[in-house]
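Shown next: data.csv, given as CSV, C-alpha atoms.
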```
chain,number,residue,atom,x,y,z
W,40,SER,CA,1.5,-48.6,-22.3
W,41,ARG,CA,-0.2,-46.7,-19.5
W,42,VAL,CA,1.9,-43.6,-20.3
W,43,ARG,CA,0.3,-41.5,-23.0
W,44,SER,CA,2.5,-40.6,-26.0
W,45,TYR,CA,2.2,-36.8,-25.5
W,46,PHE,CA,3.9,-37.2,-22.0
W,47,LEU,CA,6.8,-39.1,-23.6
W,48,GLU,CA,7.1,-36.4,-26.2
W,49,GLY,CA,7.3,-33.6,-23.5
W,50,GLN,CA,3.9,-32.1,-24.5
W,51,GLY,CA,2.1,-32.8,-21.2
W,52,ALA,CA,1.8,-29.1,-20.4
W,53,ARG,CA,-0.4,-28.7,-23.5
W,54,TRP,CA,-2.9,-31.2,-22.3
W,55,ARG,CA,-2.8,-30.2,-18.6
W,56,GLN,CA,-5.7,-28.3,-17.1
W,57,LEU,CA,-4.3,-25.5,-14.8
W,58,ILE,CA,-6.8,-23.7,-12.5
W,59,VAL,CA,-5.7,-20.8,-10.3
W,60,VAL,CA,-8.0,-19.4,-7.7
W,61,SER,CA,-7.3,-16.2,-5.8
W,62,LYS,CA,-9.1,-13.8,-3.5
W,63,PHE,CA,-8.3,-10.9,-5.8
W,64,THR,CA,-6.5,-10.3,-9.0
W,65,ASP,CA,-2.7,-10.0,-8.7
W,66,PRO,CA,-0.2,-9.2,-11.5
W,67,TYR,CA,2.3,-11.8,-10.2
W,68,ILE,CA,-0.4,-14.5,-10.2
W,69,LEU,CA,-1.5,-13.5,-13.7
W,70,SER,CA,2.2,-13.6,-14.9
W,71,THR,CA,2.7,-17.0,-13.5
W,72,PHE,CA,-0.5,-18.3,-15.0
W,73,ARG,CA,0.4,-16.9,-18.5
W,74,ARG,CA,3.8,-18.5,-18.3
W,75,HIS,CA,2.7,-22.0,-17.2
W,76,ALA,CA,-0.8,-22.3,-18.7
W,77,LYS,CA,0.0,-23.8,-22.2
W,78,ASN,CA,-3.2,-25.9,-22.8
W,79,ILE,CA,-4.0,-26.3,-26.5
W,80,GLU,CA,-7.5,-24.9,-25.8
W,81,GLY,CA,-6.1,-21.6,-24.7
W,82,GLN,CA,-6.6,-19.6,-21.5
W,83,LEU,CA,-9.7,-18.2,-19.7
W,84,LYS,CA,-9.6,-15.4,-17.1
W,85,ILE,CA,-12.7,-14.5,-15.1
W,86,ARG,CA,-12.5,-11.0,-13.7
W,87,GLN,CA,-14.9,-9.3,-11.3
W,88,LYS,CA,-15.3,-5.6,-11.8
W,89,VAL,CA,-15.7,-3.4,-8.8
W,90,PRO,CA,-18.6,-0.9,-8.8
W,91,ALA,CA,-17.9,2.5,-7.4
W,92,ASP,CA,-20.4,1.9,-4.5
W,93,ASP,CA,-18.5,-1.3,-3.5
W,94,ALA,CA,-15.0,0.2,-3.5
W,95,SER,CA,-13.2,0.2,-0.2
W,96,VAL,CA,-12.8,4.0,-0.4
W,97,CYS,CA,-16.5,4.2,0.5
W,98,ASP,CA,-15.7,2.7,3.9
W,99,VAL,CA,-13.5,5.6,5.0
W,100,MET,CA,-15.3,7.4,7.8
W,101,ALA,CA,-12.6,10.0,8.7
W,102,ARG,CA,-13.3,13.5,7.3
W,103,VAL,CA,-10.1,13.9,5.3
W,104,LYS,CA,-9.3,14.8,1.7
W,105,GLN,CA,-7.7,11.7,0.1
W,106,VAL,CA,-5.2,12.5,-2.6
W,107,PHE,CA,-4.0,9.8,-5.0
W,108,GLN,CA,-0.7,10.8,-6.8
W,109,ARG,CA,0.3,8.9,-10.0
W,110,VAL,CA,4.0,8.4,-10.3
W,111,ALA,CA,5.4,8.1,-13.8
W,112,CYS,CA,7.0,4.7,-14.4
W,113,LEU,CA,8.1,2.9,-17.6
W,114,ALA,CA,8.7,-0.6,-16.2
W,115,VAL,CA,7.3,-2.6,-13.3
W,116,SER,CA,10.9,-3.3,-12.1
W,117,GLU,CA,11.3,0.5,-11.6
W,118,ALA,CA,8.1,1.1,-9.7
W,119,GLY,CA,9.7,1.0,-6.3
W,120,ALA,CA,12.6,3.2,-7.3
W,121,GLU,CA,10.3,5.8,-8.8
W,122,ARG,CA,8.1,6.0,-5.7
W,123,LEU,CA,11.2,6.3,-3.6
W,124,ARG,CA,12.4,9.2,-5.8
W,125,TYR,CA,9.1,11.0,-5.5
W,126,PHE,CA,9.1,10.5,-1.8
W,127,SER,CA,12.7,11.9,-1.5
W,128,ASP,CA,12.0,14.9,-3.8
W,129,HIS,CA,8.5,16.0,-2.8
W,130,VAL,CA,7.4,14.4,0.5
W,131,LEU,CA,10.4,14.0,2.8
W,132,PRO,CA,11.8,17.6,2.5
W,133,LYS,CA,8.4,18.9,3.6
W,134,LEU,CA,8.2,16.6,6.6
W,135,ILE,CA,11.7,17.6,7.7
W,136,ARG,CA,11.3,21.3,7.0
W,137,LEU,CA,8.0,21.6,8.9
W,138,ARG,CA,8.9,19.0,11.5
W,139,GLN,CA,5.5,17.6,10.9
W,140,ARG,CA,4.4,15.4,13.7
W,141,HIS,CA,1.9,12.5,13.9
W,142,THR,CA,2.7,11.3,10.3
W,143,LEU,CA,2.0,7.6,9.6
W,144,ILE,CA,3.7,6.1,6.6
W,145,TYR,CA,2.3,2.8,5.4
W,146,ILE,CA,4.7,0.7,3.3
W,147,PRO,CA,3.3,-2.5,1.7
W,148,SER,CA,6.7,-4.0,0.8
W,149,TYR,CA,9.4,-4.8,3.3
W,150,PHE,CA,12.0,-4.1,0.6
W,151,ASP,CA,10.6,-0.6,0.2
W,152,PHE,CA,10.5,-0.2,4.0
W,153,VAL,CA,14.3,-0.8,4.2
W,154,ALA,CA,14.9,1.8,1.5
W,155,VAL,CA,12.7,4.4,3.2
W,156,ARG,CA,14.2,3.6,6.6
W,157,ASN,CA,17.7,4.0,5.3
W,158,MET,CA,16.7,7.3,3.7
W,159,LEU,CA,15.3,8.6,7.0
W,160,LEU,CA,18.4,7.6,8.9
W,161,LYS,CA,20.5,9.4,6.4
W,162,ARG,CA,18.4,12.5,6.8
W,163,GLU,CA,18.5,12.1,10.6
W,164,ALA,CA,14.7,12.2,10.8
W,165,ASN,CA,12.9,11.6,14.1
W,166,PHE,CA,11.0,8.4,13.4
W,167,VAL,CA,10.0,5.0,14.8
W,168,SER,CA,9.3,1.7,13.0
W,169,VAL,CA,6.7,-1.0,13.5
W,170,THR,CA,7.3,-4.1,11.4
W,171,GLU,CA,6.5,-7.8,11.5
W,172,TYR,CA,10.0,-8.4,13.0
W,173,SER,CA,9.7,-5.9,15.8
W,174,ARG,CA,9.6,-7.2,19.4
W,175,VAL,CA,6.5,-6.5,21.4
W,176,SER,CA,8.4,-4.2,23.7
W,177,GLU,CA,9.7,-2.2,20.7
W,178,VAL,CA,6.2,-1.9,19.2
W,179,SER,CA,4.7,-0.7,22.5
W,180,ARG,CA,7.4,1.8,23.1
W,181,GLY,CA,7.3,3.1,19.5
W,182,ARG,CA,3.5,3.5,19.5
W,183,ALA,CA,3.6,5.4,22.8
W,184,ARG,CA,6.2,7.8,21.6
W,185,PHE,CA,4.4,8.3,18.4
W,186,LEU,CA,1.1,9.1,20.2
W,187,GLN,CA,2.9,11.5,22.5
W,188,GLY,CA,4.6,13.3,19.6
W,189,ARG,CA,8.1,12.4,20.7
W,190,LYS,CA,8.5,10.6,17.4
W,191,GLU,CA,7.3,12.6,14.5
W,192,ILE,CA,7.1,9.8,11.9
W,193,MET,CA,6.0,6.1,12.1
W,194,LEU,CA,6.9,3.6,9.5
W,195,TYR,CA,4.3,0.8,9.4
W,196,THR,CA,4.7,-2.2,7.1
W,197,GLY,CA,1.9,-4.0,5.3
W,198,ARG,CA,2.9,-7.4,6.7
W,199,ALA,CA,2.8,-6.1,10.2
W,200,HIS,CA,-0.8,-4.9,9.7
W,201,PHE,CA,-1.7,-8.2,7.9
W,202,PHE,CA,-0.6,-10.4,10.8
W,203,LEU,CA,-1.0,-8.2,13.8
W,204,ARG,CA,-3.7,-5.6,12.9
W,205,HIS,CA,-2.2,-2.8,15.1
W,206,LYS,CA,-4.5,0.1,15.8
W,207,ILE,CA,-2.1,3.0,15.6
W,208,LYS,CA,-3.1,6.0,17.7
W,209,GLY,CA,-2.0,9.6,17.3
W,210,ALA,CA,-1.9,9.8,13.5
W,211,ARG,CA,-3.0,13.1,11.9
W,212,HIS,CA,-1.3,12.5,8.5
W,213,VAL,CA,-1.3,9.2,6.5
W,214,PHE,CA,1.0,8.6,3.6
W,215,PHE,CA,0.7,5.4,1.6
W,216,PHE,CA,4.1,4.7,0.0
W,217,GLY,CA,2.2,2.1,-2.1
W,218,LEU,CA,-1.3,0.9,-2.3
W,219,PRO,CA,-2.2,-2.1,-0.1
W,220,GLU,CA,-3.0,-5.4,-1.8
W,221,CYS,CA,-5.9,-6.1,0.5
W,222,ALA,CA,-8.5,-3.4,-0.3
W,223,GLU,CA,-9.9,-3.4,3.3
W,224,PHE,CA,-6.5,-2.2,4.6
W,225,TYR,CA,-7.0,1.2,3.0
W,226,PRO,CA,-10.0,2.4,5.0
W,227,ALA,CA,-8.6,0.6,8.1
W,228,ILE,CA,-5.5,2.8,7.9
W,229,VAL,CA,-7.2,6.0,7.0
W,230,ASN,CA,-9.8,5.6,9.8
W,231,MET,CA,-6.9,5.6,12.3
W,232,LEU,CA,-6.7,9.4,11.9
W,233,ASN,CA,-7.6,11.1,15.1
W,234,GLU,CA,-7.5,7.8,17.1
W,235,GLY,CA,-6.3,8.4,20.6
W,236,LEU,CA,-5.7,12.1,20.3
W,237,SER,CA,-8.2,12.9,23.0
W,238,ASP,CA,-5.8,11.2,25.4
W,239,ILE,CA,-3.2,14.0,25.0
W,240,GLU,CA,-5.2,17.0,23.8
W,241,ASP,CA,-5.2,18.4,27.3
W,242,SER,CA,-1.4,18.7,27.3
W,243,ASP,CA,-1.1,19.9,23.7
W,244,LYS,CA,-4.0,22.0,22.4
W,245,ASP,CA,-2.4,22.4,19.0
W,246,ILE,CA,-3.0,18.8,18.1
W,247,SER,CA,-6.8,19.2,17.9
W,248,ARG,CA,-6.4,22.1,15.5
W,249,MET,CA,-3.9,20.3,13.3
W,250,PRO,CA,-5.4,19.6,9.9
W,251,THR,CA,-5.5,16.0,8.6
W,252,SER,CA,-4.2,14.7,5.3
W,253,CYS,CA,-4.0,11.5,3.3
W,254,LEU,CA,-1.7,11.0,0.3
W,255,SER,CA,-1.3,7.7,-1.7
W,256,LEU,CA,1.3,7.0,-4.4
W,257,PHE,CA,0.5,4.6,-7.3
W,258,THR,CA,1.9,3.8,-10.7
W,259,LYS,CA,0.1,2.4,-13.8
W,260,PHE,CA,1.3,-1.0,-12.7
W,261,ASP,CA,-0.9,-0.8,-9.6
W,262,ALA,CA,-4.1,-0.9,-11.5
W,263,HIS,CA,-5.5,-4.0,-9.7
W,264,GLN,CA,-4.9,-2.6,-6.2
W,265,LEU,CA,-6.3,0.8,-7.3
W,266,GLU,CA,-9.4,-0.9,-8.8
W,267,ARG,CA,-10.3,-2.6,-5.5
W,268,ILE,CA,-9.9,0.7,-3.6
W,269,VAL,CA,-11.6,3.2,-5.9
W,270,GLY,CA,-13.7,1.0,-8.2
W,271,THR,CA,-13.2,-0.1,-11.8
W,272,SER,CA,-14.4,3.1,-13.6
W,273,HIS,CA,-12.4,5.5,-11.4
W,274,ALA,CA,-9.3,3.3,-11.7
W,275,GLU,CA,-9.3,3.3,-15.5
W,276,ARG,CA,-9.6,7.1,-15.5
W,277,MET,CA,-6.8,7.5,-13.0
W,278,ILE,CA,-4.5,5.2,-14.8
W,279,LYS,CA,-5.1,6.6,-18.3
W,280,GLY,CA,-6.0,10.2,-17.6
W,281,ILE,CA,-3.9,13.2,-18.3
W,282,LYS,CA,-3.8,14.5,-14.7
W,283,ASN,CA,-1.5,12.9,-12.2
W,284,SER,CA,-3.4,13.9,-9.0
W,285,PHE,CA,-6.9,12.8,-8.0
W,286,MET,CA,-8.9,13.7,-4.9
W,287,PHE,CA,-11.6,11.9,-3.1
W,288,CYS,CA,-13.6,13.6,-0.4
W,289,PRO,CA,-15.9,11.9,2.1
```
Represent the structure contained in this file as structure tokens.
Amino acid sequence: SRVRSYFLEGQGARWRQLIVVSKFTDPYILSTFRRHAKNIEGQLKIRQKVPADDASVCDVMARVKQVFQRVACLAVSEAGAERLRYFSDHVLPKLIRLRQRHTLIYIPSYFDFVAVRNMLLKREANFVSVTEYSRVSEVSRGRARFLQGRKEIMLYTGRAHFFLRHKIKGARHVFFFGLPECAEFYPAIVNMLNEGLSDIEDSDKDISRMPTSCLSLFTKFDAHQLERIVGTSHAERMIKGIKNSFMFCP
């Protein structure tokens, strides 16, 4: 017979060689690999550590203090809800109370974007959204209003930046609702600070004196994304350390 006996016995998975190649380490890919890789010889994972000098945070050119805030989370299924709770309790009240303008909120997941958008609508916040589903006219109108300060907050999704690579002008404050999977997106977003402000400084002198800020939320389940952004050694300390807040200065 041309059919081997172990296939007939339903043991083909234990003799199959499964190879998974990815640009970077992802927990979902690792979970899929562990679930389906059942070879009798075991599993092998090759991991590339990220030196601190090669981390993407080194590519940030804007002179801004970058704060990474660790959010307590017990399960990966609760990560989105815990970040949303932190945003609702600590970030959003300040934005609304101070009516802080030129605030760019980067949201990697579209599901998290829907939750944040609904929260802002409920709080009657003055904001605009740029997503992968927005029409060109909506994006152009929203970017112009954000640059002019007519819209205080802009929600910007990770998929929109992945496919369209918008260069958002007018941001003075950047808030990462979650860390981007592609490490190069972090410096790209942070470097947008101060972009285009010279076009409107003549009409609003307070903009040039407005301080800049950068805040990023992460959980212990974001170790892979954090490693690519700050480096392996820093990521291990930030995930396991006692403190919850960490600052990087250019």
* Hey, what's within 7 Å of W:Phe214 if we count only C-alpha atoms and toss same-chain stuff fewer than 2 positions away? As a PyMOL selection string, please? -> chain W and resi 143-145+212+216+253-255
* Asked: Counting all atoms listed in the file, what is within 10 Å of W:Glu177, bar same-chain residues fewer than 6 positions away, as a list of chain:residue names?
  -> W:Val167, W:Ser168, W:Val169, W:Thr170, W:Ala183
* Can you pull out every residue within 9 Å of W:Phe287, counting only C-alpha atoms, but drop anything in the same chain fewer than 3 positions away, and send it as a PyMOL selection string? => chain W and resi 96+103-107
* Asked: What is the atom CA of W:Asn157 to atom CA of W:Val115 distance in Å?
  ->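 Answer for the atom CA of W:Asn157 to atom CA of W:Val115 separation: 22.3 Å.
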* Restricting the calculation to all atoms listed in the file, which member of W:Trp54, W:Tyr149, W:Tyr225, W:Phe72 is positioned closest to W:Ala101? ->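 Closest to W:Ala101, using all atoms listed in the file: W:Tyr225.
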* Return the single residue from W:Ala52, W:Ala91, W:Leu203, W:Ala118 that is closest to W:Tyr172, with distances computed using only C-alpha atoms. => W:Leu203
* Structure fact -> Correct to one decimal, the distance atom CA of W:Glu117-atom CA of W:Arg73 is 21.7 Å
